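Colleague: This one is data-v7.txt, compact mmCIF, C-alpha atoms and all ligand atoms.
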```
# COMPACT_ATOMS: atom_id res chain seq x y z
CA MET A 1 13.35 -2.12 25.15
CA ARG A 2 11.71 -0.74 22.05
CA SER A 3 13.82 -0.28 18.98
CA PRO A 4 14.34 3.35 17.88
CA LEU A 5 12.94 2.21 14.54
CA THR A 6 9.62 1.56 16.23
CA THR A 7 9.51 4.98 17.89
CA LEU A 8 10.55 7.01 14.82
CA PRO A 9 7.45 8.99 13.72
CA LYS A 10 6.50 7.86 10.24
CA ALA A 11 3.76 7.67 7.62
CA GLU A 12 2.70 4.61 5.67
CA LEU A 13 1.76 5.20 2.03
CA HIS A 14 1.43 1.68 0.60
CA ILE A 15 -0.75 -0.74 2.54
CA HIS A 16 -3.59 -2.82 1.10
CA ILE A 17 -6.09 -3.13 3.92
CA GLU A 18 -7.06 -6.60 2.69
CA GLY A 19 -3.38 -7.52 3.01
CA SER A 20 -3.45 -6.80 6.76
CA LEU A 21 -5.74 -9.80 7.33
CA GLU A 22 -3.74 -11.89 9.80
CA PRO A 23 -4.28 -15.69 9.70
CA GLU A 24 -5.85 -15.57 13.21
CA MET A 25 -8.47 -13.08 12.01
CA MET A 26 -9.00 -15.01 8.77
CA VAL A 27 -9.85 -18.15 10.72
CA ALA A 28 -12.01 -16.26 13.25
CA LEU A 29 -14.00 -14.45 10.52
CA ALA A 30 -14.45 -17.69 8.57
CA GLN A 31 -16.00 -19.22 11.69
CA ARG A 32 -18.12 -16.13 12.42
CA ASN A 33 -19.47 -16.13 8.85
CA GLY A 34 -19.87 -19.89 8.39
CA ILE A 35 -17.20 -20.11 5.67
CA THR A 36 -15.07 -23.22 5.22
CA LEU A 37 -11.42 -22.46 4.54
CA PRO A 38 -9.16 -24.98 2.80
CA TYR A 39 -6.93 -24.96 5.92
CA ALA A 40 -7.39 -26.81 9.23
CA SER A 41 -5.59 -24.27 11.43
CA VAL A 42 -3.93 -20.86 11.69
CA GLU A 43 -0.57 -22.65 11.32
CA GLU A 44 -1.70 -24.21 8.04
CA VAL A 45 -2.76 -20.81 6.72
CA ARG A 46 0.63 -19.34 7.59
CA ALA A 47 2.47 -22.33 6.13
CA ALA A 48 0.76 -21.67 2.78
CA TYR A 49 2.48 -18.27 2.49
CA GLN A 50 5.30 -19.40 0.20
CA PHE A 51 5.18 -17.31 -2.94
CA GLU A 52 7.06 -17.55 -6.24
CA ASN A 53 5.88 -14.28 -7.70
CA LEU A 54 3.12 -11.66 -7.49
CA GLN A 55 0.44 -13.88 -9.05
CA SER A 56 0.99 -16.78 -6.63
CA PHE A 57 0.46 -14.33 -3.77
CA LEU A 58 -2.60 -12.67 -5.33
CA ASP A 59 -4.33 -16.05 -5.69
CA LEU A 60 -4.16 -16.53 -1.90
CA TYR A 61 -4.87 -12.88 -1.09
CA TYR A 62 -8.15 -12.88 -3.07
CA ALA A 63 -9.14 -16.24 -1.54
CA GLY A 64 -8.42 -14.92 1.98
CA ALA A 65 -10.49 -11.77 1.40
CA GLN A 66 -13.62 -13.93 0.95
CA VAL A 67 -14.00 -14.17 4.74
CA LEU A 68 -14.74 -10.41 4.86
CA GLN A 69 -18.52 -10.17 4.67
CA THR A 70 -20.04 -7.61 7.03
CA GLU A 71 -19.43 -4.00 7.98
CA GLN A 72 -18.16 -5.26 11.35
CA ASP A 73 -15.61 -7.50 9.58
CA PHE A 74 -14.20 -4.53 7.66
CA TYR A 75 -14.19 -2.46 10.84
CA ASP A 76 -12.32 -5.16 12.79
CA LEU A 77 -9.78 -5.62 9.98
CA THR A 78 -9.06 -1.90 9.71
CA TRP A 79 -9.02 -1.32 13.47
CA ALA A 80 -6.47 -4.10 14.03
CA TYR A 81 -4.16 -2.51 11.44
CA LEU A 82 -4.59 0.96 12.97
CA GLN A 83 -3.72 -0.35 16.43
CA LYS A 84 -0.51 -1.70 14.93
CA CYS A 85 0.15 1.76 13.45
CA ALA A 86 -0.26 3.37 16.87
CA ALA A 87 2.08 0.81 18.49
CA GLN A 88 4.75 1.43 15.83
CA HIS A 89 4.45 5.25 15.78
CA VAL A 90 2.89 5.38 12.33
CA ARG A 91 1.21 8.74 12.76
CA HIS A 92 -0.46 8.88 9.35
CA THR A 93 -1.47 6.17 6.91
CA GLU A 94 -2.82 6.23 3.34
CA ILE A 95 -4.71 3.00 2.87
CA PHE A 96 -5.58 1.15 -0.36
CA PHE A 97 -8.82 -0.75 -0.63
CA ASP A 98 -9.97 -2.95 -3.53
CA PRO A 99 -13.72 -2.45 -4.09
CA GLN A 100 -13.90 -5.02 -6.89
CA THR A 101 -12.60 -7.78 -4.59
CA HIS A 102 -15.76 -7.31 -2.55
CA SER A 103 -18.43 -5.94 -4.91
CA ASP A 104 -17.79 -8.74 -7.43
CA ARG A 105 -18.92 -11.25 -4.76
CA GLY A 106 -22.04 -9.27 -3.88
CA ILE A 107 -20.87 -7.09 -0.98
CA PRO A 108 -22.35 -3.60 -1.42
CA PHE A 109 -19.92 -0.64 -1.58
CA GLU A 110 -21.69 0.86 1.43
CA VAL A 111 -20.81 -2.17 3.61
CA PHE A 112 -17.03 -2.21 3.17
CA HIS A 113 -16.78 1.56 2.88
CA SER A 114 -18.64 2.14 6.19
CA GLY A 115 -16.65 -0.47 8.08
CA ILE A 116 -13.31 0.92 6.90
CA THR A 117 -14.15 4.63 7.33
CA GLN A 118 -15.69 4.18 10.80
CA ALA A 119 -12.43 2.58 11.98
CA LEU A 120 -10.43 5.44 10.40
CA LYS A 121 -12.55 8.00 12.27
CA ASP A 122 -12.15 6.17 15.57
CA ALA A 123 -8.38 5.89 15.06
CA LYS A 124 -8.09 9.64 14.65
CA THR A 125 -9.80 10.34 17.97
CA GLU A 126 -8.77 7.30 20.02
CA LEU A 127 -5.28 6.52 18.69
CA GLY A 128 -4.13 9.84 17.20
CA VAL A 129 -3.51 8.17 13.83
CA SER A 130 -4.65 10.20 10.81
CA SER A 131 -5.44 8.63 7.48
CA ALA A 132 -6.55 8.91 3.87
CA LEU A 133 -8.21 6.32 1.66
CA ILE A 134 -7.12 5.31 -1.87
CA LEU A 135 -9.43 3.27 -4.10
CA CYS A 136 -7.52 0.76 -6.23
CA PHE A 137 -8.73 -0.70 -9.52
CA LEU A 138 -7.84 -4.32 -10.20
CA ARG A 139 -5.81 -4.13 -13.40
CA HIS A 140 -6.41 -7.78 -14.41
CA LEU A 141 -10.07 -6.81 -14.90
CA SER A 142 -11.33 -4.60 -17.74
CA ALA A 143 -11.12 -0.82 -18.06
CA GLU A 144 -14.94 -0.84 -18.31
CA ALA A 145 -15.19 -2.57 -14.93
CA ALA A 146 -12.81 0.01 -13.46
CA MET A 147 -14.96 2.83 -14.85
CA ALA A 148 -18.09 1.27 -13.31
CA THR A 149 -16.25 1.02 -9.97
CA LEU A 150 -15.27 4.69 -10.19
CA GLU A 151 -18.92 5.59 -10.79
CA GLN A 152 -20.00 3.53 -7.75
CA ALA A 153 -17.47 5.45 -5.66
CA LEU A 154 -18.64 8.93 -6.65
CA PRO A 155 -21.20 9.25 -3.80
CA TYR A 156 -18.31 8.54 -1.37
CA ARG A 157 -15.80 10.85 -3.03
CA ASP A 158 -15.32 13.10 0.01
CA SER A 159 -13.78 10.19 1.92
CA ILE A 160 -11.48 8.99 -0.90
CA ILE A 161 -8.42 11.09 -1.74
CA ALA A 162 -7.02 9.20 -4.72
CA VAL A 163 -7.38 6.27 -7.06
CA GLY A 164 -4.68 3.68 -7.70
CA LEU A 165 -3.96 0.58 -9.77
CA ASP A 166 -3.02 -2.81 -8.32
CA SER A 167 -3.16 -6.59 -8.93
CA SER A 168 -1.35 -8.51 -11.73
CA GLU A 169 1.02 -6.06 -13.37
CA LEU A 170 2.53 -7.91 -16.32
CA GLY A 171 0.31 -7.68 -19.40
CA HIS A 172 -1.83 -4.94 -17.86
CA PRO A 173 0.01 -1.66 -18.56
CA PRO A 174 -1.19 1.67 -17.17
CA SER A 175 -2.25 2.71 -20.70
CA LYS A 176 -5.19 0.27 -20.39
CA PHE A 177 -6.68 2.61 -17.75
CA GLN A 178 -5.94 6.02 -19.26
CA ALA A 179 -9.61 6.97 -19.79
CA VAL A 180 -10.57 5.85 -16.25
CA PHE A 181 -7.79 7.91 -14.71
CA ASP A 182 -8.69 10.92 -16.91
CA ARG A 183 -12.22 10.71 -15.53
CA ALA A 184 -10.99 10.21 -11.95
CA ARG A 185 -8.82 13.34 -12.15
CA ALA A 186 -11.72 15.28 -13.66
CA GLU A 187 -13.82 14.18 -10.67
CA GLY A 188 -11.16 15.56 -8.32
CA PHE A 189 -9.21 12.46 -7.31
CA LEU A 190 -5.41 12.37 -7.10
CA THR A 191 -3.75 9.37 -8.75
CA VAL A 192 -1.13 6.75 -7.91
CA ALA A 193 -0.29 3.42 -9.57
CA HIS A 194 1.67 0.24 -8.93
CA ALA A 195 4.37 0.16 -11.60
CA GLY A 196 7.85 -1.32 -11.89
CA GLU A 197 7.25 -4.01 -9.26
CA GLU A 198 7.37 -6.89 -11.78
CA GLY A 199 6.65 -4.72 -14.82
CA PRO A 200 9.26 -2.88 -16.94
CA PRO A 201 10.36 0.78 -16.68
CA GLU A 202 8.01 1.56 -19.59
CA TYR A 203 5.05 0.98 -17.23
CA VAL A 204 6.49 3.59 -14.85
CA TRP A 205 6.75 6.07 -17.74
CA GLU A 206 3.12 5.33 -18.69
CA ALA A 207 1.95 5.83 -15.10
CA ILE A 208 3.65 9.24 -15.07
CA ARG A 209 2.75 10.42 -18.56
CA LEU A 210 -0.69 8.89 -19.07
CA LEU A 211 -2.10 8.50 -15.55
CA LYS A 212 -0.33 11.60 -14.17
CA VAL A 213 0.40 9.94 -10.85
CA SER A 214 1.62 11.77 -7.74
CA ARG A 215 3.70 8.74 -6.69
CA ILE A 216 4.77 5.35 -8.02
CA ASP A 217 3.95 2.30 -5.90
CA HIS A 218 7.04 0.04 -5.85
CA GLY A 219 8.96 1.36 -8.91
CA VAL A 220 12.14 -0.57 -8.03
CA ARG A 221 12.72 -1.58 -11.68
CA CYS A 222 13.23 2.11 -12.58
CA VAL A 223 17.00 1.56 -12.23
CA GLU A 224 16.97 -0.30 -15.55
CA ASP A 225 16.34 3.02 -17.34
CA PRO A 226 18.79 5.85 -16.48
CA ALA A 227 16.59 8.47 -18.19
CA LEU A 228 13.69 7.40 -15.98
CA VAL A 229 15.86 7.64 -12.85
CA ASP A 230 16.90 11.16 -13.91
CA TYR A 231 13.25 12.12 -14.40
CA LEU A 232 12.14 10.69 -11.03
CA VAL A 233 15.01 12.51 -9.30
CA GLU A 234 14.44 15.81 -11.10
CA HIS A 235 10.70 15.82 -10.34
CA GLN A 236 11.09 14.11 -6.95
CA ILE A 237 8.28 11.69 -7.78
CA PRO A 238 8.18 9.44 -4.71
CA LEU A 239 8.50 5.65 -4.81
CA THR A 240 6.56 3.70 -2.17
CA VAL A 241 8.99 0.81 -1.79
CA CYS A 242 7.98 -2.35 0.11
CA PRO A 243 11.12 -4.27 1.13
CA LEU A 244 9.67 -7.38 2.81
CA SER A 245 7.10 -7.70 0.03
CA ASN A 246 9.84 -7.60 -2.61
CA ILE A 247 11.66 -10.48 -0.93
CA LYS A 248 8.52 -12.60 -0.35
CA LEU A 249 7.47 -12.12 -4.01
CA CYS A 250 11.00 -12.81 -5.30
CA VAL A 251 11.56 -9.38 -6.87
CA PHE A 252 14.98 -9.64 -5.16
CA ASP A 253 16.50 -12.93 -3.95
CA GLU A 254 17.48 -11.58 -0.55
CA MET A 255 17.35 -8.30 1.35
CA ALA A 256 21.09 -7.70 0.95
CA GLN A 257 20.40 -7.39 -2.81
CA HIS A 258 17.54 -4.91 -2.45
CA ASN A 259 18.19 -1.64 -4.30
CA LEU A 260 16.54 0.68 -1.73
CA LYS A 261 19.86 2.14 -0.57
CA GLN A 262 21.05 2.57 -4.16
CA LEU A 263 17.80 4.38 -5.02
CA MET A 264 18.28 6.73 -2.06
CA GLU A 265 21.88 7.42 -3.02
CA LEU A 266 20.78 8.20 -6.59
CA GLY A 267 18.65 11.00 -5.10
CA LEU A 268 15.18 9.46 -5.39
CA CYS A 269 12.45 10.22 -2.86
CA VAL A 270 12.16 6.68 -1.43
CA THR A 271 9.70 5.61 1.27
CA VAL A 272 9.41 2.32 3.19
CA ASN A 273 6.05 0.55 3.42
CA SER A 274 4.54 -2.82 4.33
CA ASP A 275 2.25 -3.55 1.29
CA ASP A 276 0.48 -6.66 2.68
CA PRO A 277 1.93 -7.01 6.18
CA ALA A 278 -0.03 -10.11 7.23
CA TYR A 279 1.31 -12.02 4.21
CA PHE A 280 4.87 -10.69 4.04
CA GLY A 281 6.06 -10.99 7.63
CA GLY A 282 5.96 -7.49 8.99
CA TYR A 283 4.50 -4.04 9.45
CA MET A 284 6.39 -0.75 9.20
CA ALA A 285 8.87 -1.28 12.04
CA GLU A 286 9.83 -4.73 10.72
CA ASN A 287 10.38 -3.30 7.24
CA PHE A 288 12.63 -0.53 8.61
CA GLN A 289 14.47 -3.12 10.72
CA ALA A 290 15.00 -5.43 7.74
CA VAL A 291 16.54 -2.75 5.50
CA GLU A 292 18.61 -1.30 8.29
CA SER A 293 20.29 -4.57 9.10
CA ALA A 294 20.64 -5.98 5.56
CA LEU A 295 21.70 -2.77 3.80
CA GLY A 296 23.54 -1.03 6.64
CA LEU A 297 21.54 2.18 6.42
CA THR A 298 22.96 5.04 8.46
CA PRO A 299 20.87 6.77 11.16
CA GLU A 300 20.67 9.77 8.79
CA GLN A 301 19.27 7.58 6.02
CA LEU A 302 16.66 6.08 8.38
CA VAL A 303 15.53 9.54 9.44
CA GLN A 304 15.52 10.59 5.75
CA LEU A 305 13.16 7.68 4.98
CA ALA A 306 10.83 8.82 7.76
CA LYS A 307 10.96 12.43 6.50
CA ASN A 308 10.28 11.25 2.94
CA SER A 309 7.19 9.37 4.17
CA PHE A 310 5.58 12.65 5.29
CA LYS A 311 6.83 14.68 2.32
CA ALA A 312 5.44 12.10 -0.12
CA SER A 313 2.10 11.90 1.69
CA PHE A 314 -1.08 13.71 0.73
CA LEU A 315 -0.91 15.74 3.96
CA SER A 316 -0.68 19.48 3.30
CA PRO A 317 2.71 21.16 3.89
CA ALA A 318 1.29 22.68 7.09
CA GLU A 319 0.21 19.23 8.32
CA GLN A 320 3.61 17.73 7.44
CA GLN A 321 5.56 20.43 9.23
CA PRO A 322 5.29 19.23 12.87
CA TYR A 323 6.41 15.73 11.89
CA LEU A 324 9.36 17.03 9.86
CA GLN A 325 10.26 19.31 12.75
CA GLU A 326 10.12 16.41 15.22
CA LEU A 327 12.29 14.29 12.91
CA SER A 328 14.87 17.05 12.52
CA THR A 329 15.66 16.67 16.24
CA TYR A 330 16.50 12.97 15.84
CA ILE A 331 20.07 13.31 14.58
N1 LIG B 1 -2.46 -6.15 -4.30
C1 LIG B 1 -2.07 -6.38 -3.06
N2 LIG B 1 -0.73 -6.34 -2.97
C2 LIG B 1 -0.25 -6.08 -4.20
C3 LIG B 1 1.04 -5.91 -4.76
N3 LIG B 1 2.15 -6.01 -4.05
N4 LIG B 1 1.14 -5.66 -6.08
C4 LIG B 1 0.04 -5.58 -6.82
N5 LIG B 1 -1.19 -5.72 -6.36
C5 LIG B 1 -1.34 -5.97 -5.05
ZN ZN B 2 0.90 -2.97 -3.24
```
Can you turn what I pasted into structure tokens?
Modeller:
Amino acid sequence: MRSPLTTLPKAELHIHIEGSLEPEMMVALAQRNGITLPYASVEEVRAAYQFENLQSFLDLYYAGAQVLQTEQDFYDLTWAYLQKCAAQHVRHTEIFFDPQTHSDRGIPFEVFHSGITQALKDAKTELGVSSALILCFLRHLSAEAAMATLEQALPYRDSIIAVGLDSSELGHPPSKFQAVFDRARAEGFLTVAHAGEEGPPEYVWEAIRLLKVSRIDHGVRCVEDPALVDYLVEHQIPLTVCPLSNIKLCVFDEMAQHNLKQLMELGLCVTVNSDDPAYFGGYMAENFQAVESALGLTPEQLVQLAKNSFKASFLSPAEQQPYLQELSTYI
């Protein structure tokens, strides 16, 4: 029998497409592209997924992404994730992609963009899963490199709804990218940013005030600053929280200590997301399952999380309405 958490209609708002590269596909693409991995088997790849913090994960994540070479590779990666969405009743997904991870090793923008967007189109017609695409800048690289990436993306702007900021947070505050985000907004992009995952509440303030983000990715450290919590509640700025990710990257020691329930009870607009599901042990349903059992969320709170996922999405109010209506019949 399928868990009700699998069948709950929901949206995903924080998924790095490169982080959906399962070890099986990593090994298969390495073979297809004649790349030698430093692992002898799928089991060895999986066994390497023991992280101490964000950086120790990112080192493996960027190494794994090297197997992605052709348009077909990006299509296969994205399609596999979208099939998972359909199986878990994720009706809408807003997907991050990291152009610099690919263009800096010589893959043209056109190659990864076409592979990803063709899969998104096919998912709409064949799986009934809608989507939007968010271009992330790698914050450990320079603001000039981010600006050049934004300029490369301009010919594709109709297919990209927003820009975001990911990679190593500490030491790379949002303020470093203020001019890039100013330009992105002037070009018509919405904005989001990872902040308050490992970084301090001040980075969340900067993302709001300087980058003018529509949502904060992670944001769990906001609780350290009561004025920030008040602001997030008052303005209902959503947090895209990633429970399994936070445990794998040691943001919290164990799920029972995760502050997701506390954030909800403080009145924040919290959503549940998978971040890098192939690396962190689960997609959307597994993340819902993990918080339900460890934090004892009520059925009302689970439905609230699903409602928040649509309300915090970039779908128009008219597009959100049928999902919210469907969810209102759940309790
Ligand atoms: N890139 C992929 N996953 C990430 C995360 N959790 N935080 C920052 N950058 C990332
Ligand atoms: Zn992330």
Colleague: Taking all atoms listed in the file and a cut-off of 12 Å, can you tell me which residues surround ligand ZN 2 (chain B), written as a PyMOL selection string?
Modeller: chain A and resi 12-20+54+57-58+61+94-98+134+136-138+164-169+192-198+216-219+239-246+249+272-277+279-280
Colleague: With distances taken over all atoms listed in the file, which of A:Asp73, A:Phe189, A:Ser214, A:Gln88 is nearest to A:Gln289?
Modeller: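 Selected residue with least distance to A:Gln289: A:Gln88.
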Colleague: Hey, what's within 10 Å of A:Ser328 if we count only C-alpha atoms and toss same-chain stuff fewer than 5 positions away? As a VMD selection string, please?
Modeller: chain A and resid 303 to 304 307 322 to 323
Colleague: Do you have the atom CA of A:Asn53-atom CA of A:Thr78 distance handy?
Modeller: 26.1 Å
Colleague: Which one is closest to ligand LIG 1 (chain B): A:Arg185, A:Lys311, A:His140, A:Arg221? Count all atoms listed in the file.
Modeller: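 When distances to ligand LIG 1 (chain B) are compared using all atoms listed in the file, the smallest one comes from A:His140.
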Colleague: How many Å separate atom CA of A:Leu268 from atom CA of A:Asp182?
Modeller: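 Going from atom CA of A:Leu268 over to atom CA of A:Asp182 covers 26.5 Å.
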Colleague: So, counting all atoms listed in the file, which residue among A:Arg183, A:His235, A:Arg139, A:Arg209 is closest to ligand LIG 1 (chain B)?
Modeller: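 Of the candidates, the smallest distance to ligand LIG 1 (chain B) is held by A:Arg139.
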Colleague: Tell me, in Å to one decimal, how far atom CA of A:Ser309 is from atom CA of A:Ser293.
Modeller: 19.8 Å
Colleague: Need to verify the contact set: A:Ile331, 12 Å, only C-alpha atoms, exclusion of same-chain residues closer than 2 positions in sequence. Can you return it as a ChimeraX atom specification?
Modeller: /A:4,8,298-304,325-329
Colleague: Here is a test: counting only C-alpha atoms and all ligand atoms, which residue of A:Glu319, A:Glu265, A:Glu292, A:Asp59 is nearest to ligand LIG 1 (chain B)?
Modeller: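 Answer, going by the shortest atom-to-atom distance: A:Asp59.
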Colleague: Closest to ligand LIG 1 (chain B) among A:Met255, A:Asp122, A:Glu144, A:Tyr62, using all atoms listed in the file?
Modeller: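 Smallest distance to ligand LIG 1 (chain B) is found for A:Tyr62.
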Colleague: When distances are computed from only C-alpha atoms and all ligand atoms, which of A:Val90, A:Ala179, A:Val251, A:Met147 shows the smallest separation from ligand LIG 1 (chain B)?
Modeller: A:Val251
Colleague: Show me as an MDAnalysis selection string the residues that reach within 12 Å of (-8.7, -21.1, 9.3), counting only C-alpha atoms and using the file's own coordinates.
Modeller: chainID A and resid 21:48 63:64 67
Colleague: Around the point (-2.3, 2.9, 10.4), in the coordinates given by the file, pick out the residues reaching within 8 Å, counting all atoms listed in the file, and return them as number ranges by chain.
Modeller: A: 12, 81-86, 90-95, 129-131
